[in-house]
Amino acid sequence: MDPTTITRQVDLDTPADELWDMVSDPDQMATWLGDSVDVDMRPGGTGTVVDDGIVRDIEIDEVNESRRLSFTWWESGDRATASRVEFVVGTTTDGRSRLTITETLPDLSPRMVARASATRMRWEVRVLSLWACTVALASMR
Amino acid sequence: MGLHGGARVDAVSALDDLFGALSDPTRRALLQGLMQNGPDTATRLAADLPLTRQAVVKHLQALVDAGLATSKRDGREVRYTATPEPLAAVLSWLMESSTQWDRRVDRLRHKLQGQGSAAR
């Protein structure tokens, strides 16, 4: 397990086709992914996602018939903060639909490091964070 | 271990170096010691560990290569200082992004009329 990958899996009674529309149609994405989603939904297509006051530029990597969408997004104007997101819609053995969300951070940019140190986290919090992280790492390796 | 090559390669190896360095229990202990007790020398750090000074220097250098510590010559000794910012950056990304996905998944579920669901 990669420590810089986040995964969420959601099982729903919604038909898979309907769920796929919900996660791949920009208008429907805007009802849950963010406050606004404006993107040209095809490989190489670009756009903007606004969520919780954060404006992200987005570029579609892959969108295909097997209900798989992947895109790269980054805080507007700072591509070095890019992460890659993948949505896969499938079905479970008991006939429900399943959405698997994966977000991966491929790089650690100097700006992210600078920002983390600029948050002026209290020293104790940093030590606690290190402890939590090392416990997590020790259990996964 | 160090940062070589083009910008893209640098960035990828920064994360690899970070977690590579933290995967070793001795290096975690050294980093934690530097964070809790402040800057120190390899000689003094080795006194608390069942390791030679030379072995401790190697581990400290791995922390320096990963961006988790800096070294500075101080007279005849070299003092090491913890720089946990790269770790803090990864942790804050994990925390923020994780919270955001929880919120989005809640909204999606709510949108689809709160049908029975399970999330991980």
# chains A, B, ... in the order shown; residues from 1 in each chain; ligands from 1
$ residues_around --residues "segment 95-102 of chain A" --least-positions-apart "2" --cutoff "7 Å" --atoms "only C-alpha atoms" --output "NGL selection string"
:A and (5-16 or 85-93 or 104)
$ select_by_dssp --residues "chain B" --states "helix (DSSP H, G or I)" --output "PyMOL selection string"
chain B and resi 7-22+25-37+42-47+53-65+85-111
$ write_last_selection --atoms "C-alpha atoms" --output "mmCIF file, in the first residue's frame"
data_model
loop_
_atom_site.group_PDB
_atom_site.id
_atom_site.type_symbol
_atom_site.label_atom_id
_atom_site.label_comp_id
_atom_site.auth_asym_id
_atom_site.auth_seq_id
_atom_site.Cartn_x
_atom_site.Cartn_y
_atom_site.Cartn_z
ATOM 1 C CA ALA B 7 12.885 17.988 -12.491
ATOM 2 C CA ARG B 8 10.260 15.273 -12.916
ATOM 3 C CA VAL B 9 12.606 12.526 -11.735
ATOM 4 C CA ASP B 10 13.647 14.701 -8.788
ATOM 5 C CA ALA B 11 10.095 15.078 -7.589
ATOM 6 C CA VAL B 12 9.304 11.374 -7.792
ATOM 7 C CA SER B 13 12.494 10.381 -6.034
ATOM 8 C CA ALA B 14 11.782 12.962 -3.313
ATOM 9 C CA LEU B 15 8.778 10.910 -2.201
ATOM 10 C CA ASP B 16 10.639 7.622 -2.660
ATOM 11 C CA ASP B 17 13.560 8.941 -0.623
ATOM 12 C CA LEU B 18 11.241 10.228 2.078
ATOM 13 C CA PHE B 19 9.442 6.940 2.662
ATOM 14 C CA GLY B 20 12.563 4.906 1.968
ATOM 15 C CA ALA B 21 14.345 6.755 4.773
ATOM 16 C CA LEU B 22 11.380 6.344 7.136
ATOM 17 C CA PRO B 25 13.383 1.810 12.400
ATOM 18 C CA THR B 26 16.831 3.161 13.324
ATOM 19 C CA ARG B 27 16.358 6.191 11.082
ATOM 20 C CA ARG B 28 12.889 6.785 12.520
ATOM 21 C CA ALA B 29 14.370 6.662 16.026
ATOM 22 C CA LEU B 30 17.158 9.069 15.037
ATOM 23 C CA LEU B 31 14.721 11.500 13.457
ATOM 24 C CA GLN B 32 12.403 11.328 16.421
ATOM 25 C CA GLY B 33 15.353 11.915 18.750
ATOM 26 C CA LEU B 34 16.449 14.984 16.773
ATOM 27 C CA MET B 35 12.900 16.331 16.828
ATOM 28 C CA GLN B 36 12.347 15.741 20.516
ATOM 29 C CA ASN B 37 15.768 16.622 21.887
ATOM 30 C CA ALA B 42 26.506 11.470 15.572
ATOM 31 C CA THR B 43 28.815 10.699 18.488
ATOM 32 C CA ARG B 44 26.228 11.600 21.097
ATOM 33 C CA LEU B 45 23.405 9.917 19.200
ATOM 34 C CA ALA B 46 25.488 6.734 18.876
ATOM 35 C CA ALA B 47 25.995 6.643 22.646
ATOM 36 C CA ARG B 53 29.273 6.085 15.273
ATOM 37 C CA GLN B 54 30.031 5.246 11.647
ATOM 38 C CA ALA B 55 26.739 3.364 11.250
ATOM 39 C CA VAL B 56 24.848 6.259 12.827
ATOM 40 C CA VAL B 57 26.504 8.698 10.405
ATOM 41 C CA LYS B 58 25.289 6.562 7.480
ATOM 42 C CA HIS B 59 21.721 6.608 8.771
ATOM 43 C CA LEU B 60 21.889 10.357 9.414
ATOM 44 C CA GLN B 61 23.177 10.904 5.883
ATOM 45 C CA ALA B 62 20.176 8.961 4.541
ATOM 46 C CA LEU B 63 17.908 11.338 6.488
ATOM 47 C CA VAL B 64 19.797 14.305 5.011
ATOM 48 C CA ASP B 65 19.444 12.840 1.469
ATOM 49 C CA GLU B 85 8.700 19.672 6.632
ATOM 50 C CA PRO B 86 8.536 17.134 3.756
ATOM 51 C CA LEU B 87 6.819 14.697 6.100
ATOM 52 C CA ALA B 88 4.466 17.430 7.293
ATOM 53 C CA ALA B 89 3.648 18.198 3.629
ATOM 54 C CA VAL B 90 2.700 14.592 2.890
ATOM 55 C CA LEU B 91 0.685 14.323 6.097
ATOM 56 C CA SER B 92 -1.219 17.532 5.442
ATOM 57 C CA TRP B 93 -1.981 16.371 1.878
ATOM 58 C CA LEU B 94 -3.256 13.050 3.267
ATOM 59 C CA MET B 95 -5.344 14.743 5.948
ATOM 60 C CA GLU B 96 -6.836 17.426 3.709
ATOM 61 C CA SER B 97 -7.500 15.215 0.729
ATOM 62 C CA SER B 98 -8.918 12.443 2.892
ATOM 63 C CA THR B 99 -11.368 14.848 4.547
ATOM 64 C CA GLN B 100 -12.377 16.224 1.151
ATOM 65 C CA TRP B 101 -13.170 12.758 -0.231
ATOM 66 C CA ASP B 102 -15.233 11.909 2.849
ATOM 67 C CA ARG B 103 -17.241 15.067 2.284
ATOM 68 C CA ARG B 104 -17.674 14.358 -1.437
ATOM 69 C CA VAL B 105 -18.697 10.742 -0.838
ATOM 70 C CA ASP B 106 -21.271 11.945 1.725
ATOM 71 C CA ARG B 107 -22.674 14.391 -0.819
ATOM 72 C CA LEU B 108 -22.798 11.712 -3.527
ATOM 73 C CA ARG B 109 -24.597 9.305 -1.227
ATOM 74 C CA HIS B 110 -27.001 11.989 -0.112
ATOM 75 C CA LYS B 111 -27.620 12.936 -3.735
#
$ residues_around --residues "Arg79 of chain A" --least-positions-apart "6" --cutoff "10 Å" --atoms "only C-alpha atoms" --output "MDAnalysis selection string"
chainID A and resid 56:58 72:73 109
$ select_by_dssp --residues "segment 1-116 of chain B" --states "strand (DSSP E or B)" --output "ChimeraX atom specification"
/B:40-41,69-74,77-82
$ closest_residue --among "B:Ser23, B:Pro39, B:Tyr80, B:Ser71" --to "chain A" --atoms "only C-alpha atoms"
B:Ser23
$ closest_residue --among "B:Arg73, B:Arg79, B:Leu68, B:Thr52" --to "chain A" --atoms "only C-alpha atoms"
B:Leu68
$ closest_residue --among "B:Thr41, B:Gly67, B:Leu51, B:Arg76" --to "chain A" --atoms "only C-alpha atoms"
B:Gly67
$ closest_residue --among "A:Asp51, A:Glu59, A:Asp27, A:Glu75" --to "chain B" --atoms "only C-alpha atoms"
A:Asp51
$ closest_residue --among "A:Gly53, A:Gly47, A:Pro26, A:Gly34" --to "chain B" --atoms "only C-alpha atoms"
A:Gly34
$ atom_distance --atom1 "atom CA of Ala66 of chain B" --atom2 "atom CA of Val113 of chain A"
12.7 Å
$ closest_residue --among "A:Arg42, A:Asp2, A:Ser76, A:Phe71" --to "chain B" --atoms "only C-alpha atoms"
A:Asp2
$ atom_distance --atom1 "atom CA of Thr81 of chain A" --atom2 "atom CA of Leu69 of chain A"
20.1 Å
$ atom_distance --atom1 "atom CA of Val55 of chain A" --atom2 "atom CA of Val37 of chain A"
10.0 Å
